[in-house]
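Participant: So here's query.csv (CSV, N, CA and C atoms).
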```csv
chain,number,residue,atom,x,y,z
W,219,MET,N,-14.9,9.2,-7.7
W,219,MET,CA,-15.1,8.1,-6.8
W,219,MET,C,-16.4,7.3,-7.3
W,220,ALA,N,-17.4,8.0,-7.7
W,220,ALA,CA,-18.7,7.3,-8.1
W,220,ALA,C,-18.4,6.5,-9.4
W,221,LYS,N,-17.6,7.0,-10.3
W,221,LYS,CA,-17.3,6.3,-11.6
W,221,LYS,C,-16.5,5.0,-11.2
W,222,ARG,N,-15.6,5.1,-10.3
W,222,ARG,CA,-14.8,3.9,-10.0
W,222,ARG,C,-15.7,2.9,-9.4
W,223,PHE,N,-16.6,3.3,-8.5
W,223,PHE,CA,-17.6,2.3,-8.0
W,223,PHE,C,-18.4,1.6,-9.1
W,224,VAL,N,-18.9,2.4,-10.0
W,224,VAL,CA,-19.7,1.9,-11.1
W,224,VAL,C,-18.8,0.9,-12.0
W,225,ASP,N,-17.6,1.3,-12.2
W,225,ASP,CA,-16.7,0.4,-12.9
W,225,ASP,C,-16.5,-1.0,-12.2
W,226,GLU,N,-16.4,-0.9,-10.9
W,226,GLU,CA,-16.3,-2.2,-10.1
W,226,GLU,C,-17.6,-3.0,-10.2
W,227,ILE,N,-18.8,-2.3,-10.1
W,227,ILE,CA,-20.1,-3.0,-10.3
W,227,ILE,C,-20.2,-3.6,-11.7
W,228,SER,N,-19.7,-2.9,-12.7
W,228,SER,CA,-19.8,-3.4,-14.1
W,228,SER,C,-19.0,-4.7,-14.2
W,229,ILE,N,-17.8,-4.8,-13.6
W,229,ILE,CA,-17.1,-6.0,-13.6
W,229,ILE,C,-17.8,-7.2,-13.0
W,230,LEU,N,-18.4,-6.9,-11.8
W,230,LEU,CA,-19.2,-8.0,-11.1
W,230,LEU,C,-20.4,-8.4,-12.0
W,231,ALA,N,-21.0,-7.4,-12.5
W,231,ALA,CA,-22.2,-7.7,-13.4
W,231,ALA,C,-21.9,-8.6,-14.6
W,232,GLU,N,-20.7,-8.3,-15.2
W,232,GLU,CA,-20.3,-9.1,-16.4
W,232,GLU,C,-20.0,-10.5,-15.9
W,233,ILE,N,-19.3,-10.6,-14.8
W,233,ILE,CA,-18.9,-12.0,-14.3
W,233,ILE,C,-20.2,-12.8,-14.1
W,234,GLN,N,-21.2,-12.1,-13.5
W,234,GLN,CA,-22.4,-12.8,-13.1
W,234,GLN,C,-23.5,-12.8,-14.2
W,235,ASN,N,-23.2,-12.1,-15.3
W,235,ASN,CA,-24.1,-12.0,-16.4
W,235,ASN,C,-25.5,-11.6,-15.9
W,236,HIS,N,-25.5,-10.6,-15.1
W,236,HIS,CA,-26.7,-10.0,-14.5
W,236,HIS,C,-26.5,-8.5,-14.3
W,237,HIS,N,-27.2,-7.7,-15.0
W,237,HIS,CA,-26.8,-6.3,-15.1
W,237,HIS,C,-27.9,-5.4,-14.5
W,238,PRO,N,-27.5,-4.6,-13.5
W,238,PRO,CA,-28.4,-3.7,-12.8
W,238,PRO,C,-28.6,-2.5,-13.7
W,239,ASP,N,-29.7,-1.8,-13.4
W,239,ASP,CA,-29.8,-0.4,-14.0
W,239,ASP,C,-29.0,0.5,-13.1
W,240,ILE,N,-28.2,1.3,-13.7
W,240,ILE,CA,-27.2,2.2,-13.0
W,240,ILE,C,-27.4,3.6,-13.5
W,241,SER,N,-27.5,4.5,-12.6
W,241,SER,CA,-27.3,5.9,-13.0
W,241,SER,C,-26.3,6.5,-11.9
W,242,PHE,N,-25.5,7.5,-12.4
W,242,PHE,CA,-24.6,8.1,-11.4
W,242,PHE,C,-24.2,9.5,-11.9
W,243,GLY,N,-23.8,10.2,-10.9
W,243,GLY,CA,-23.3,11.6,-11.2
W,243,GLY,C,-22.3,11.9,-10.2
W,244,TRP,N,-22.0,13.2,-10.0
W,244,TRP,CA,-21.0,13.7,-9.2
W,244,TRP,C,-21.3,13.3,-7.7
W,245,GLY,N,-20.6,12.2,-7.2
W,245,GLY,CA,-20.7,11.8,-5.8
W,245,GLY,C,-21.9,10.9,-5.5
W,246,TYR,N,-22.6,10.4,-6.5
W,246,TYR,CA,-23.7,9.5,-6.1
W,246,TYR,C,-23.8,8.4,-7.2
W,247,VAL,N,-24.4,7.2,-6.8
W,247,VAL,CA,-24.7,6.1,-7.6
W,247,VAL,C,-26.0,5.6,-7.2
W,248,HIS,N,-26.9,5.4,-8.2
W,248,HIS,CA,-28.2,4.8,-8.0
W,248,HIS,C,-28.3,3.5,-8.7
W,249,LEU,N,-28.6,2.4,-8.0
W,249,LEU,CA,-28.7,1.1,-8.6
W,249,LEU,C,-30.1,0.6,-8.5
W,250,MET,N,-30.6,-0.2,-9.5
W,250,MET,CA,-31.8,-0.9,-9.3
W,250,MET,C,-31.6,-2.4,-9.7
W,251,LEU,N,-31.6,-3.2,-8.8
W,251,LEU,CA,-31.5,-4.7,-9.0
W,251,LEU,C,-32.9,-5.3,-9.1
W,252,PHE,N,-33.2,-5.9,-10.3
W,252,PHE,CA,-34.5,-6.4,-10.5
W,252,PHE,C,-34.3,-7.4,-11.7
W,253,SER,N,-34.9,-8.6,-11.6
W,253,SER,CA,-34.8,-9.5,-12.7
W,253,SER,C,-36.0,-9.2,-13.7
W,254,HIS,N,-35.8,-8.5,-14.7
W,254,HIS,CA,-36.8,-8.1,-15.6
W,254,HIS,C,-37.5,-9.3,-16.3
W,255,ASP,N,-36.7,-10.3,-16.5
W,255,ASP,CA,-37.3,-11.5,-17.2
W,255,ASP,C,-38.3,-12.3,-16.3
W,256,GLU,N,-38.1,-12.1,-15.0
W,256,GLU,CA,-39.1,-12.8,-14.1
W,256,GLU,C,-40.0,-11.8,-13.4
W,257,GLN,N,-39.8,-10.5,-13.6
W,257,GLN,CA,-40.6,-9.4,-13.0
W,257,GLN,C,-40.7,-9.5,-11.5
W,258,LYS,N,-39.5,-9.8,-10.9
W,258,LYS,CA,-39.4,-9.8,-9.5
W,258,LYS,C,-37.9,-9.8,-9.1
W,259,ILE,N,-37.7,-9.6,-7.8
W,259,ILE,CA,-36.3,-9.7,-7.3
W,259,ILE,C,-36.1,-11.2,-7.1
W,260,THR,N,-34.9,-11.7,-7.6
W,260,THR,CA,-34.6,-13.1,-7.5
W,260,THR,C,-33.3,-13.3,-6.8
W,261,GLN,N,-32.9,-14.5,-6.7
W,261,GLN,CA,-31.6,-14.9,-6.0
W,261,GLN,C,-30.5,-14.2,-6.8
W,262,ARG,N,-30.6,-14.1,-8.1
W,262,ARG,CA,-29.5,-13.5,-8.8
W,262,ARG,C,-29.3,-12.0,-8.4
W,263,ASP,N,-30.4,-11.3,-8.1
W,263,ASP,CA,-30.3,-10.0,-7.6
W,263,ASP,C,-29.6,-9.9,-6.2
W,264,LEU,N,-30.0,-10.8,-5.4
W,264,LEU,CA,-29.4,-10.9,-4.0
W,264,LEU,C,-27.9,-11.2,-4.0
W,265,VAL,N,-27.6,-12.1,-4.9
W,265,VAL,CA,-26.1,-12.5,-5.0
W,265,VAL,C,-25.3,-11.3,-5.5
W,266,LEU,N,-25.8,-10.6,-6.5
W,266,LEU,CA,-25.1,-9.4,-7.0
W,266,LEU,C,-25.1,-8.3,-6.0
W,267,ALA,N,-26.2,-8.1,-5.3
W,267,ALA,CA,-26.2,-7.1,-4.2
W,267,ALA,C,-25.2,-7.4,-3.1
W,268,ASN,N,-25.1,-8.7,-2.8
W,268,ASN,CA,-24.1,-9.0,-1.8
W,268,ASN,C,-22.6,-8.8,-2.3
W,269,ALA,N,-22.4,-9.1,-3.5
W,269,ALA,CA,-21.1,-8.9,-4.1
W,269,ALA,C,-20.8,-7.4,-4.1
W,270,ILE,N,-21.8,-6.6,-4.5
W,270,ILE,CA,-21.6,-5.1,-4.5
W,270,ILE,C,-21.3,-4.6,-3.1
W,271,SER,N,-22.0,-5.1,-2.2
W,271,SER,CA,-21.7,-4.7,-0.8
W,271,SER,C,-20.3,-4.9,-0.3
W,272,ASN,N,-19.6,-5.9,-0.9
W,272,ASN,CA,-18.3,-6.2,-0.5
W,272,ASN,C,-17.2,-5.4,-1.3
W,273,ILE,N,-17.6,-4.5,-2.2
W,273,ILE,CA,-16.6,-3.6,-2.9
W,273,ILE,C,-16.0,-2.7,-1.8
W,274,ASP,N,-14.7,-2.6,-1.9
W,274,ASP,CA,-14.0,-1.7,-1.0
W,274,ASP,C,-14.0,-0.2,-1.4
```
I need this file expressed as structure tokens, please.
Facilitator:
Amino acid sequence: MAKRFVDEISILAEIQNHHPDISFGWGYVHLMLFSHDEQKITQRDLVLANAISNID
């Protein structure tokens, strides 16, 4: 289940060309959304977070 979720996130990240740091294991996923180029959380992070929140 965690891998499937990561796969869905990967698709969204590719579409938006904005890639979170992801780690996952058996039954968990850890994401870090942060715009490294701007050294802060930006609108791109919020847009991707919202899209991830809508994954079924």
Participant: Would you list, as a PyMOL selection string, the residues of chain W that end up in helix (DSSP H, G or I) under DSSP run on this structure's backbone?
Facilitator: chain W and resi 220-234+261-271
Participant: Atom CA of Gln257 of chain W and atom CA of Phe223 of chain W are how many Å apart?
Facilitator: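 Going from atom CA of Gln257 of chain W over to atom CA of Phe223 of chain W, I get 26.3 Å.
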Participant: I'd like the interatomic distance between atom CA of Ile259 of chain W and atom CA of Ser271 of chain W, to a tenth of an Å.
Facilitator: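 A separation of 16.7 Å between them.
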Participant: Between atom CA of Ile240 of chain W and atom C of Asp274 of chain W, what distance in Å does the model show, to one decimal?
Facilitator: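 Atom CA of Ile240 of chain W sits 17.7 Å away from atom C of Asp274 of chain W.
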Participant: For a quick check of understanding, using only C-alpha atoms, which of W:Met219, W:Val265, W:Ile273, W:Ile229 has the smallest distance to Leu251 of chain W?
Facilitator: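 Under the stated criterion, the closest residue is W:Val265.
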Participant: What's the 8 Å shell around Phe252 of chain W, counting all atoms listed in the file, without same-chain residues fewer than 6 positions away, as a list in words?
Facilitator: His237, Pro238, Asp239, Lys258, Ile259, Thr260, Arg262, Asp263 and Leu264 of chain W
Participant: Where does DSSP see strand (DSSP E or B) in chain W, if you list the residues as a VMD selection string?
Facilitator: chain W and resid 239 to 243 246 to 250 253 258
Participant: Which residues are close to Leu266 of chain W, i.e. within 10 Å by only C-alpha atoms, leaving aside same-chain residues fewer than 6 positions away? Reply as a VMD selection string.
Facilitator: chain W and resid 227 230 to 231 233 to 238 251 272
Participant: For the residues in the current selection, export N, CA and C atoms as a PDB file, keeping the file's coordinate frame.
Facilitator:
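result39.pdb, freshly written:
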```
ATOM      1  N   ILE W 227     -18.800  -2.300 -10.100  1.00  0.00           N
ATOM      2  CA  ILE W 227     -20.100  -3.000 -10.300  1.00  0.00           C
ATOM      3  C   ILE W 227     -20.200  -3.600 -11.700  1.00  0.00           C
ATOM      4  N   LEU W 230     -18.400  -6.900 -11.800  1.00  0.00           N
ATOM      5  CA  LEU W 230     -19.200  -8.000 -11.100  1.00  0.00           C
ATOM      6  C   LEU W 230     -20.400  -8.400 -12.000  1.00  0.00           C
ATOM      7  N   ALA W 231     -21.000  -7.400 -12.500  1.00  0.00           N
ATOM      8  CA  ALA W 231     -22.200  -7.700 -13.400  1.00  0.00           C
ATOM      9  C   ALA W 231     -21.900  -8.600 -14.600  1.00  0.00           C
ATOM     10  N   ILE W 233     -19.300 -10.600 -14.800  1.00  0.00           N
ATOM     11  CA  ILE W 233     -18.900 -12.000 -14.300  1.00  0.00           C
ATOM     12  C   ILE W 233     -20.200 -12.800 -14.100  1.00  0.00           C
ATOM     13  N   GLN W 234     -21.200 -12.100 -13.500  1.00  0.00           N
ATOM     14  CA  GLN W 234     -22.400 -12.800 -13.100  1.00  0.00           C
ATOM     15  C   GLN W 234     -23.500 -12.800 -14.200  1.00  0.00           C
ATOM     16  N   ASN W 235     -23.200 -12.100 -15.300  1.00  0.00           N
ATOM     17  CA  ASN W 235     -24.100 -12.000 -16.400  1.00  0.00           C
ATOM     18  C   ASN W 235     -25.500 -11.600 -15.900  1.00  0.00           C
ATOM     19  N   HIS W 236     -25.500 -10.600 -15.100  1.00  0.00           N
ATOM     20  CA  HIS W 236     -26.700 -10.000 -14.500  1.00  0.00           C
ATOM     21  C   HIS W 236     -26.500  -8.500 -14.300  1.00  0.00           C
ATOM     22  N   HIS W 237     -27.200  -7.700 -15.000  1.00  0.00           N
ATOM     23  CA  HIS W 237     -26.800  -6.300 -15.100  1.00  0.00           C
ATOM     24  C   HIS W 237     -27.900  -5.400 -14.500  1.00  0.00           C
ATOM     25  N   PRO W 238     -27.500  -4.600 -13.500  1.00  0.00           N
ATOM     26  CA  PRO W 238     -28.400  -3.700 -12.800  1.00  0.00           C
ATOM     27  C   PRO W 238     -28.600  -2.500 -13.700  1.00  0.00           C
ATOM     28  N   LEU W 251     -31.600  -3.200  -8.800  1.00  0.00           N
ATOM     29  CA  LEU W 251     -31.500  -4.700  -9.000  1.00  0.00           C
ATOM     30  C   LEU W 251     -32.900  -5.300  -9.100  1.00  0.00           C
ATOM     31  N   ASN W 272     -19.600  -5.900  -0.900  1.00  0.00           N
ATOM     32  CA  ASN W 272     -18.300  -6.200  -0.500  1.00  0.00           C
ATOM     33  C   ASN W 272     -17.200  -5.400  -1.300  1.00  0.00           C
TER      34      ASN W 272
END
```
Participant: Using only C-alpha atoms, can you tell me which of W:Gln261, W:Ala269, W:Glu232, W:Arg222 comes closest to Gly245 of chain W?
Facilitator: W:Arg222
Participant: Between W:Glu256, W:Lys221, W:Leu249, W:Gly243, single out the one closest to Ile270 of chain W, counting only C-alpha atoms.
Facilitator: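 Between W:Glu256, W:Lys221, W:Leu249, W:Gly243, the residue approaching Ile270 of chain W most closely is W:Leu249.
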